[in-house]
Every structure is written in structure tokens, then in C-alpha cells.
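Undergrad: Input structure.tsv, format and content: TSV, C-alpha atoms.
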chain	number	residue	atom	x	y	z
A	1	MET	CA	0.00	0.00	0.00
A	2	ALA	CA	1.31	3.45	-0.92
A	3	MET	CA	1.98	5.86	1.94
A	4	LYS	CA	1.28	9.13	0.13
A	5	SER	CA	-0.08	10.99	3.14
A	6	ILE	CA	-0.06	10.87	6.92
A	7	ASP	CA	-3.55	9.40	6.89
A	8	ASN	CA	-2.34	6.71	4.47
A	9	VAL	CA	0.44	5.83	6.89
A	10	GLN	CA	-1.97	5.44	9.81
A	11	THR	CA	-4.33	3.32	7.72
A	12	ALA	CA	-1.55	1.16	6.28
A	13	LEU	CA	-0.05	0.48	9.70
A	14	ALA	CA	-3.49	-0.19	11.18
A	15	ASP	CA	-4.04	-2.78	8.46
A	16	GLU	CA	-0.93	-4.52	9.83
A	17	ASN	CA	-2.37	-4.35	13.37
A	18	TYR	CA	-0.08	-1.50	14.40
A	19	VAL	CA	-1.98	1.34	16.02
A	20	CYS	CA	-0.11	4.63	16.04
A	21	GLY	CA	-0.84	8.26	16.78
A	22	ARG	CA	-0.59	11.11	14.29
A	23	ALA	CA	2.80	12.29	15.56
A	24	LEU	CA	4.42	8.92	14.85
A	25	ALA	CA	2.58	8.59	11.52
A	26	THR	CA	3.89	12.04	10.55
A	27	VAL	CA	7.54	11.22	11.21
A	28	VAL	CA	7.17	7.88	9.37
A	29	PHE	CA	5.65	9.70	6.40
A	30	LEU	CA	8.46	12.28	6.37
A	31	SER	CA	11.10	9.57	6.65
A	32	LEU	CA	9.69	7.78	3.61
A	33	LYS	CA	9.08	11.01	1.68
A	34	LEU	CA	12.53	12.50	2.29
A	35	GLY	CA	14.51	9.26	2.30
A	36	ARG	CA	15.87	9.97	5.77
A	37	PRO	CA	16.68	7.31	8.39
A	38	LEU	CA	14.19	7.18	11.26
A	39	PHE	CA	15.58	7.04	14.79
A	40	LEU	CA	13.10	5.69	17.37
A	41	GLU	CA	13.96	5.94	21.04
A	42	GLY	CA	11.97	4.82	24.05
A	43	GLU	CA	11.56	2.27	26.81
A	44	ALA	CA	11.80	-1.41	25.96
A	45	GLY	CA	8.50	-2.93	24.93
A	46	THR	CA	6.86	0.21	23.55
A	47	GLY	CA	6.64	-1.16	20.00
A	48	LYS	CA	9.69	0.33	18.26
A	49	THR	CA	10.70	-2.91	16.53
A	50	GLU	CA	7.11	-3.60	15.54
A	51	ILE	CA	6.97	-0.31	13.63
A	52	ALA	CA	9.67	-1.53	11.25
A	53	LYS	CA	7.88	-4.85	10.77
A	54	ALA	CA	4.59	-3.10	10.06
A	55	ILE	CA	6.16	-0.68	7.56
A	56	ALA	CA	7.87	-3.54	5.70
A	57	ALA	CA	4.64	-5.54	5.56
A	58	ALA	CA	2.56	-2.54	4.49
A	59	LEU	CA	4.96	-1.65	1.67
A	60	GLY	CA	5.54	-5.24	0.63
A	61	ARG	CA	9.29	-4.87	1.21
A	62	ARG	CA	11.81	-7.27	2.66
A	63	LEU	CA	12.71	-6.63	6.32
A	64	ILE	CA	16.41	-6.97	7.10
A	65	ARG	CA	17.22	-6.82	10.81
A	66	LEU	CA	20.59	-6.06	12.36
A	67	GLN	CA	20.30	-6.97	16.03
A	68	CYS	CA	22.92	-4.95	17.88
A	69	TYR	CA	24.92	-6.25	20.83
A	70	GLU	CA	27.96	-5.30	22.87
A	71	GLY	CA	31.12	-5.87	20.82
A	72	LEU	CA	29.41	-5.74	17.42
A	73	ASP	CA	31.92	-4.53	14.84
A	74	ALA	CA	31.72	-3.41	11.23
A	75	ALA	CA	32.90	-6.73	9.80
A	76	SER	CA	30.24	-8.72	11.67
A	77	ALA	CA	27.53	-6.33	10.48
A	78	VAL	CA	28.62	-6.33	6.82
A	79	TYR	CA	30.11	-9.67	5.78
A	80	GLU	CA	32.41	-12.56	6.57
A	81	TRP	CA	34.14	-15.22	4.52
A	82	ASN	CA	33.07	-18.84	4.63
A	83	PHE	CA	36.37	-20.16	5.99
A	84	ALA	CA	35.20	-23.77	6.15
A	85	GLU	CA	34.35	-23.81	2.44
A	86	GLN	CA	37.56	-21.97	1.61
A	87	MET	CA	39.62	-24.61	3.44
A	88	ILE	CA	37.84	-27.38	1.56
A	89	ALA	CA	38.65	-25.65	-1.73
A	90	ILE	CA	42.31	-25.30	-0.72
A	91	ARG	CA	42.56	-28.98	0.21
A	92	ALA	CA	40.89	-29.97	-3.06
A	93	ALA	CA	43.32	-27.82	-5.04
A	94	GLU	CA	46.31	-29.29	-3.18
A	95	ALA	CA	45.08	-32.83	-3.82
A	96	ALA	CA	44.64	-32.09	-7.53
A	97	GLY	CA	48.19	-30.68	-7.67
A	98	GLY	CA	49.60	-27.92	-9.80
A	99	ALA	CA	47.16	-25.26	-8.56
A	100	ASP	CA	47.91	-21.71	-9.66
A	101	ARG	CA	48.27	-19.78	-6.39
A	102	ASP	CA	47.08	-16.45	-7.81
A	103	ALA	CA	44.10	-18.05	-9.52
A	104	LEU	CA	43.24	-19.94	-6.35
A	105	LYS	CA	43.43	-16.75	-4.27
A	106	THR	CA	41.10	-14.99	-6.69
A	107	GLU	CA	38.68	-17.90	-6.57
A	108	LEU	CA	38.71	-18.12	-2.77
A	109	PHE	CA	37.72	-14.47	-2.39
A	110	ALA	CA	34.91	-14.54	-4.91
A	111	GLU	CA	31.26	-13.98	-3.98
A	112	ASP	CA	30.67	-17.74	-3.89
A	113	TYR	CA	32.45	-17.79	-0.53
A	114	LEU	CA	30.96	-14.55	0.79
A	115	ILE	CA	28.48	-14.66	3.67
A	116	GLU	CA	26.39	-11.51	3.55
A	117	ARG	CA	25.39	-9.90	6.85
A	118	PRO	CA	22.50	-7.41	7.24
A	119	LEU	CA	24.23	-4.19	6.12
A	120	LEU	CA	25.54	-5.78	2.92
A	121	GLN	CA	22.19	-7.47	2.25
A	122	ALA	CA	20.49	-4.07	2.53
A	123	MET	CA	22.78	-2.65	-0.17
A	124	ARG	CA	21.82	-5.33	-2.68
A	125	PRO	CA	18.95	-4.95	-5.16
A	126	GLN	CA	15.78	-6.50	-3.78
A	127	GLU	CA	12.69	-7.79	-5.50
A	128	GLY	CA	9.84	-5.40	-4.85
A	129	GLY	CA	12.04	-2.41	-4.06
A	130	ALA	CA	14.51	-1.25	-1.45
A	131	PRO	CA	14.28	-3.22	1.79
A	132	VAL	CA	13.50	-1.95	5.27
A	133	LEU	CA	16.74	-2.07	7.25
A	134	LEU	CA	16.06	-2.31	10.99
A	135	ILE	CA	19.08	-1.53	13.16
A	136	ASP	CA	17.68	-2.69	16.48
A	137	GLU	CA	18.88	-1.57	19.94
A	138	LEU	CA	21.75	0.58	18.69
A	139	ASP	CA	22.48	1.68	22.25
A	140	ARG	CA	23.99	-1.76	22.93
A	141	THR	CA	26.95	-1.01	20.62
A	142	ASP	CA	29.88	1.35	21.12
A	143	ALA	CA	31.14	4.60	19.59
A	144	PRO	CA	33.39	3.06	16.88
A	145	PHE	CA	30.45	1.13	15.44
A	146	GLU	CA	28.32	4.27	15.50
A	147	ALA	CA	31.03	6.11	13.54
A	148	PHE	CA	31.13	3.33	10.94
A	149	LEU	CA	27.34	3.30	10.72
A	150	LEU	CA	27.24	7.06	10.20
A	151	GLU	CA	29.55	6.71	7.19
A	152	ALA	CA	27.65	3.73	5.77
A	153	LEU	CA	24.29	5.51	6.06
A	154	SER	CA	25.65	8.73	4.56
A	155	ASP	CA	26.66	7.11	1.27
A	156	PHE	CA	24.62	3.90	1.48
A	157	GLN	CA	27.64	1.87	0.54
A	158	VAL	CA	30.05	-0.56	2.18
A	159	THR	CA	33.52	-1.69	1.17
A	160	ILE	CA	34.79	-5.26	1.01
A	161	PRO	CA	38.59	-5.06	0.62
A	162	GLU	CA	38.79	-8.19	-1.52
A	163	LEU	CA	35.89	-7.23	-3.81
A	164	GLY	CA	35.58	-3.44	-3.71
A	165	THR	CA	32.73	-1.09	-2.86
A	166	VAL	CA	29.09	-2.14	-2.93
A	167	LYS	CA	26.69	0.77	-3.34
A	168	ALA	CA	22.93	0.46	-2.95
A	169	PRO	CA	21.14	1.11	-6.28
A	170	GLU	CA	18.25	2.41	-4.17
A	171	PRO	CA	18.79	3.46	-0.54
A	172	PRO	CA	17.09	1.15	1.96
A	173	ILE	CA	14.41	2.42	4.32
A	174	VAL	CA	16.43	2.69	7.54
A	175	ILE	CA	14.92	2.48	11.02
A	176	LEU	CA	17.15	2.62	14.09
A	177	THR	CA	15.91	1.90	17.60
A	178	SER	CA	17.35	2.56	21.04
A	179	ASN	CA	16.17	1.68	24.54
A	180	ARG	CA	18.32	4.56	25.82
A	181	THR	CA	20.59	2.49	28.04
A	182	ARG	CA	23.18	5.05	26.90
A	183	GLU	CA	23.11	8.17	24.77
A	184	VAL	CA	23.67	7.75	21.04
A	185	HIS	CA	26.08	10.28	19.52
A	186	ASP	CA	24.55	13.51	18.22
A	187	ALA	CA	26.22	13.12	14.82
A	188	LEU	CA	24.20	10.00	14.12
A	189	LYS	CA	21.00	11.50	15.49
A	190	ARG	CA	21.42	14.54	13.23
A	191	ARG	CA	21.45	12.23	10.23
A	192	CYS	CA	18.00	10.93	11.19
A	193	LEU	CA	14.49	12.05	11.87
A	194	TYR	CA	13.78	11.48	15.57
A	195	HIS	CA	10.76	10.29	17.52
A	196	TRP	CA	10.35	9.28	21.15
A	197	VAL	CA	8.05	6.25	21.39
A	198	ASP	CA	6.31	6.59	24.74
A	199	TYR	CA	3.91	4.32	26.57
A	200	PRO	CA	0.44	4.80	25.03
A	201	ASP	CA	-2.42	6.38	26.95
A	202	PHE	CA	-5.35	4.24	28.11
A	203	ASP	CA	-7.48	4.57	24.97
A	204	ARG	CA	-4.55	3.94	22.63
A	205	GLU	CA	-3.44	0.88	24.56
A	206	ILE	CA	-6.99	-0.49	24.42
A	207	GLU	CA	-6.89	-0.05	20.63
A	208	ILE	CA	-3.56	-1.86	20.45
A	209	LEU	CA	-4.77	-4.72	22.62
A	210	GLN	CA	-7.97	-5.09	20.62
A	211	ALA	CA	-5.91	-5.22	17.41
A	212	ARG	CA	-3.44	-7.81	18.75
A	213	ALA	CA	-5.83	-9.86	20.89
A	214	PRO	CA	-9.26	-9.26	19.34
A	215	GLU	CA	-10.77	-12.28	21.10
A	216	ALA	CA	-10.42	-10.53	24.47
A	217	ALA	CA	-13.70	-9.07	25.78
A	218	MET	CA	-13.73	-5.32	26.25
A	219	ALA	CA	-14.25	-5.63	30.01
A	220	LEU	CA	-11.15	-7.80	30.41
A	221	SER	CA	-9.13	-5.58	28.05
A	222	GLN	CA	-10.01	-2.52	30.12
A	223	GLU	CA	-9.01	-4.19	33.38
A	224	VAL	CA	-5.74	-5.46	31.92
A	225	VAL	CA	-4.76	-2.09	30.47
A	226	ALA	CA	-5.83	-0.14	33.57
A	227	PHE	CA	-3.85	-2.50	35.82
A	228	VAL	CA	-0.72	-2.34	33.65
A	229	GLN	CA	-0.90	1.45	33.45
A	230	LYS	CA	-1.16	1.61	37.25
A	231	LEU	CA	1.86	-0.70	37.48
A	232	ARG	CA	3.89	1.76	35.42
A	233	THR	CA	3.43	4.39	38.12
A	234	GLU	CA	4.94	2.07	40.74
A	235	ASP	CA	8.62	2.01	41.69
A	236	LEU	CA	9.65	-1.00	39.61
A	237	PHE	CA	13.02	-2.07	38.23
A	238	LYS	CA	11.47	-2.75	34.81
A	239	LYS	CA	8.08	-1.31	33.96
A	240	PRO	CA	5.91	-3.48	31.71
A	241	GLY	CA	5.71	-2.41	28.09
A	242	VAL	CA	2.93	-2.80	25.56
A	243	ALA	CA	4.41	-6.15	24.57
A	244	GLU	CA	3.84	-7.40	28.12
A	245	THR	CA	0.25	-6.09	28.09
A	246	ILE	CA	-0.45	-8.16	24.97
A	247	ASP	CA	1.33	-11.24	26.34
A	248	TRP	CA	-0.57	-11.04	29.63
A	249	ALA	CA	-3.93	-10.70	27.90
A	250	LYS	CA	-3.18	-13.76	25.77
A	251	CYS	CA	-2.17	-15.73	28.89
A	252	LEU	CA	-5.42	-14.77	30.60
A	253	LEU	CA	-7.41	-15.83	27.54
A	254	ALA	CA	-5.61	-19.18	27.52
A	255	LEU	CA	-6.74	-19.63	31.14
A	256	ASP	CA	-10.34	-18.65	30.27
A	257	VAL	CA	-10.18	-15.69	32.64
A	258	ILE	CA	-13.14	-13.32	32.36
A	259	ASN	CA	-12.24	-10.76	35.04
A	260	LEU	CA	-9.07	-9.96	36.97
A	261	SER	CA	-8.75	-10.99	40.59
A	262	PRO	CA	-5.81	-10.82	43.02
A	263	GLU	CA	-5.46	-14.61	42.77
A	264	VAL	CA	-5.29	-14.57	38.97
A	265	ILE	CA	-2.80	-11.70	39.05
A	266	ALA	CA	-0.57	-13.56	41.53
A	267	ASP	CA	-0.59	-16.64	39.29
A	268	THR	CA	0.28	-14.78	36.08
A	269	LEU	CA	2.63	-11.99	37.18
A	270	GLY	CA	5.48	-13.60	35.27
A	271	ALA	CA	3.83	-12.52	32.04
A	272	ILE	CA	4.15	-8.80	32.84
A	273	LEU	CA	7.04	-8.55	35.32
A	274	LYS	CA	10.44	-10.04	34.53
A	275	TYR	CA	12.36	-9.42	37.75
A	276	GLN	CA	11.81	-11.24	41.03
A	277	ASP	CA	12.21	-8.05	43.07
A	278	ASP	CA	9.33	-6.48	41.15
A	279	ILE	CA	7.16	-9.57	41.57
A	280	GLN	CA	7.80	-9.59	45.33
A	281	LYS	CA	6.61	-5.98	45.58
A	282	LEU	CA	3.19	-7.07	44.32
A	283	GLU	CA	2.77	-9.95	46.72
A	284	GLY	CA	0.12	-9.79	49.42
A	285	SER	CA	-2.22	-6.83	49.40
A	286	GLU	CA	-0.32	-4.72	46.85
A	287	ALA	CA	-1.84	-6.43	43.82
A	288	LYS	CA	-5.35	-6.00	45.29
A	289	ARG	CA	-4.69	-2.31	46.01
A	290	ILE	CA	-3.56	-1.64	42.43
A	291	LEU	CA	-6.45	-3.68	41.01
A	292	ASP	CA	-8.98	-1.76	43.12
A	293	GLU	CA	-7.51	1.55	41.93
A	294	ALA	CA	-7.60	0.35	38.31
A	295	LYS	CA	-11.25	-0.68	38.58
A	296	ALA	CA	-12.11	2.62	40.23
A	297	ASP	CA	-10.50	4.50	37.32
A	298	ILE	CA	-12.53	2.45	34.83
A	299	ALA	CA	-15.75	3.15	36.74
A	300	THR	CA	-15.17	6.91	36.77
A	301	ALA	CA	-13.94	7.14	33.16
Could the structure of this file be written out as C-alpha cells, please?
TA:
Amino acid sequence: MAMKSIDNVQTALADENYVCGRALATVVFLSLKLGRPLFLEGEAGTGKTEIAKAIAAALGRRLIRLQCYEGLDAASAVYEWNFAEQMIAIRAAEAAGGADRDALKTELFAEDYLIERPLLQAMRPQEGGAPVLLIDELDRTDAPFEAFLLEALSDFQVTIPELGTVKAPEPPIVILTSNRTREVHDALKRRCLYHWVDYPDFDREIEILQARAPEAAMALSQEVVAFVQKLRTEDLFKKPGVAETIDWAKCLLALDVINLSPEVIADTLGAILKYQDDIQKLEGSEAKRILDEAKADIATA
């Protein structure tokens, strides 16, 4: 589906079960219109990765994901050589005898032995148009990788010493995400359009839950969302994101739960809280207190 306006973007993403506000739809539209990378920052579980998936699906493009981690370097993100296959070729040439060393070297560093990693894949022509390149959790990497990425995204090309420079015939649609465990350098941010992906308000989260778990009754959806939103105001090590809201609702549906109760919450806390210290804080009367407050908010809404 074409995304020729902000309304088109909202409709196209909604068709992929991604509910977004106008501010996010606007920055997505501008990113596509201007060919600028989109930098999404926010707490874990607020749906940053899902935006890239929804855009790729809506446009009918391939999604290429580079999952960042501590120690990721340029070589690992671009390419590597298939050393096992190269060694087999060397042994075969030695067994045959009389191998031309220069010819063998040229053969060993041909594309047949090249393993393409996400950044190189994104520079290649793709059926259906330029791919969506998701660079996920950039904040896990370090400054040298950021500097390399800035150069790669400026020219949309990468260099393989043995083969030369590979330039994208059409720049990929680039989406970078960060959970803000550290600050990303300003030089990279300036290259991108920026949007902070916050926790949704009550009505928006209800829309998201209804899109992702449509079998959930409205009464249960309201209780789940109200409870999770109350949880986010508590002093927790890791506040539950939208992903946890959806997971919890699906767990409750699997248990045939119709309404929340302190007992049900105690049994299923592992779906929304991922640290034992946080779970312990909700033991006893705390879960009932938060549930009562959530139900009171629903009643007065």
C-alpha cells in the first residue's frame, strides 16, 4: 500500500495491526518522503521494533534486521568469509596438484564464498524495491560502530577489501531503535528524523490490545490495560511495556479468565514482570490495592 499521506500511513499500519498516533505517523511519512533514516527511542516494549515490521509488511518490502549487541563490529555487520568452504577448496586444489596460487586466491575471495550480513544485504537490489533495514537496539553497541554506521548511512555503501565497494542502487528504508541504556552520539541522530516512542495512553493501549488480541472481551481488556498502566506508576526495576500487556492478555485468555482478581494476578505476574524483586513488591495486598484503583479508574472514566 502506498503511503502518500499521513492518513495513508496510519491506515496502512493499522491494516498490519499497528496502532499509532498522528505524531508517529507524521515522522514515518516524512522519513519515507525524504529518504531519511528514522531514529526511534523509548523504553523497551513500547513497540519500536514492531513499527519496522509493520512498515515492511505494508509496503511489501523485505525486512532486514541487524540486532545490535555489545562488541558488534563493522565486519560482523557487513560480511564474513566462509572459511570452512575456503579450506575445503584449498585442500581440493592441493590434492589435484599444480594449482595456480594467484588463480586460487582470486577464486577463494569470490562472492561464492561470501556470507552476507545485514548491512551488505540491505545494499543489494531487492525484488519489490529497497528493503526496510532495521538496526535494532543501537544503544547496545559502542562509539566506533556508530562512527562506521554514520559513514555507511551517509553514502549507502560498504567496502569489502577483496571485492571493492558495494553501493545500494536504491537506498534502503532505515529504522534505528534505542532503549536509551546510553546516549547515542549527536552526529548519528542529526542524520536521522527522531521520535520518542512513549507508553500509550489508556485509549490507545486499548486499541492496540484489541488489534493484537481481538478475542479478548472489552471488560477484560479494560481491566488489563488499567492495571498495567497503574503498574507503570509504581517504583519498579522494569516497567511493563505494551508487549507485556499483549502477552498477559493472551495468557489470561488461555486460562479462560473473564475478570481480573488478586489470585489470577498472583498466578500470572510472570507474564508482565520479569524481575523477582518487582514480583515480590506485588505480593500480598499490593496487587489488590492496584487492582482496586484500576477498577475505580474504569468506573469513573
Undergrad: So what do you get for CA of Glu111 (chain A) versus CA of Glu70 (chain A), distance-wise?
TA: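 Result for CA of Glu111 (chain A) versus CA of Glu70 (chain A): 28.4 Å, one decimal.
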Undergrad: Skip Ala54 (chain A) itself and residues of its chain fewer than 5 positions away, then list as a ChimeraX atom specification all residues within 8 Å of it, counting only C-alpha atoms.
TA: /A:13,16-18
Undergrad: Can you spit out the residues from that selection as a compact mmCIF listing (two decimals), keeping the file's coordinate frame, using C-alpha atoms?
TA:
# COMPACT_ATOMS: atom_id res chain seq x y z
CA LEU A 13 -0.05 0.48 9.70
CA GLU A 16 -0.93 -4.52 9.83
CA ASN A 17 -2.37 -4.35 13.37
CA TYR A 18 -0.08 -1.50 14.40
Undergrad: Find the residue from A:Arg204, A:Asp100, A:Arg182, A:Ile160 that sits nearest to Arg22 (chain A); use all atoms listed in the file when measuring.
TA: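 Residue with the minimum atom-to-atom distance to Arg22 (chain A): A:Arg204.
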Undergrad: Using only C-alpha atoms, tabulate the residues of region 26-61 of chain A lying at most 12 Å from any atom of region 148-159 of chain A, each with its closest atom pair and that distance in Å to one decimal, by chain and increasing residue number, as JSON lines.
TA:
{"residue": "A:Gly35", "atom": "CA", "partner": "A:Leu153", "partner_atom": "CA", "distance": 11.1}
{"residue": "A:Arg36", "atom": "CA", "partner": "A:Leu153", "partner_atom": "CA", "distance": 9.5}
{"residue": "A:Pro37", "atom": "CA", "partner": "A:Leu153", "partner_atom": "CA", "distance": 8.2}
{"residue": "A:Leu38", "atom": "CA", "partner": "A:Leu153", "partner_atom": "CA", "distance": 11.5}
Undergrad: Within 12 Å of (-1.2, 2.3, 7.0), in the coordinates the file gives, what residues turn up when you count all atoms listed in the file, written out as a PyMOL selection string?
TA: chain A and resi 1-22+24-26+28-29+51+54-60
Undergrad: Please determine, counting all atoms listed in the file, which residue among A:Leu72, A:Leu231, A:Ala294, A:Leu63 has the shortest atom-to-atom distance to Leu282 (chain A).
TA: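 Closest to Leu282 (chain A) of all the choices is A:Leu231.
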Undergrad: Could you tell me how far CA of Asp73 (chain A) lies from CA of Asp142 (chain A), in Å and to one decimal?
TA: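 Atom-to-atom, CA of Asp73 (chain A) and CA of Asp142 (chain A) are spaced 8.8 Å apart.
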Undergrad: Within 6 Å of region 131-139 of chain A, counting only C-alpha atoms, which residues qualify if same-chain residues fewer than 4 places away don't, as a PDB file with C-alpha atoms, in the frame of the given file?
TA:
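Written out: around28.pdb:
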ATOM      1  CA  ALA A  56       7.870  -3.540   5.700  1.00  0.00           C
ATOM      2  CA  ARG A  61       9.290  -4.870   1.210  1.00  0.00           C
ATOM      3  CA  ARG A  62      11.810  -7.270   2.660  1.00  0.00           C
ATOM      4  CA  LEU A  63      12.710  -6.630   6.320  1.00  0.00           C
ATOM      5  CA  ILE A  64      16.410  -6.970   7.100  1.00  0.00           C
ATOM      6  CA  ARG A  65      17.220  -6.820  10.810  1.00  0.00           C
ATOM      7  CA  LEU A  66      20.590  -6.060  12.360  1.00  0.00           C
ATOM      8  CA  GLN A  67      20.300  -6.970  16.030  1.00  0.00           C
ATOM      9  CA  CYS A  68      22.920  -4.950  17.880  1.00  0.00           C
ATOM     10  CA  PRO A 172      17.090   1.150   1.960  1.00  0.00           C
ATOM     11  CA  ILE A 173      14.410   2.420   4.320  1.00  0.00           C
ATOM     12  CA  VAL A 174      16.430   2.690   7.540  1.00  0.00           C
ATOM     13  CA  ILE A 175      14.920   2.480  11.020  1.00  0.00           C
ATOM     14  CA  LEU A 176      17.150   2.620  14.090  1.00  0.00           C
ATOM     15  CA  THR A 177      15.910   1.900  17.600  1.00  0.00           C
ATOM     16  CA  SER A 178      17.350   2.560  21.040  1.00  0.00           C
ATOM     17  CA  ARG A 182      23.180   5.050  26.900  1.00  0.00           C
TER      18      ARG A 182
END
Undergrad: Mind giving me the straight-line distance from CA of Val257 (chain A) to CA of Ala216 (chain A) in Å, one decimal?
TA: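 These two atoms are separated by 9.7 Å.
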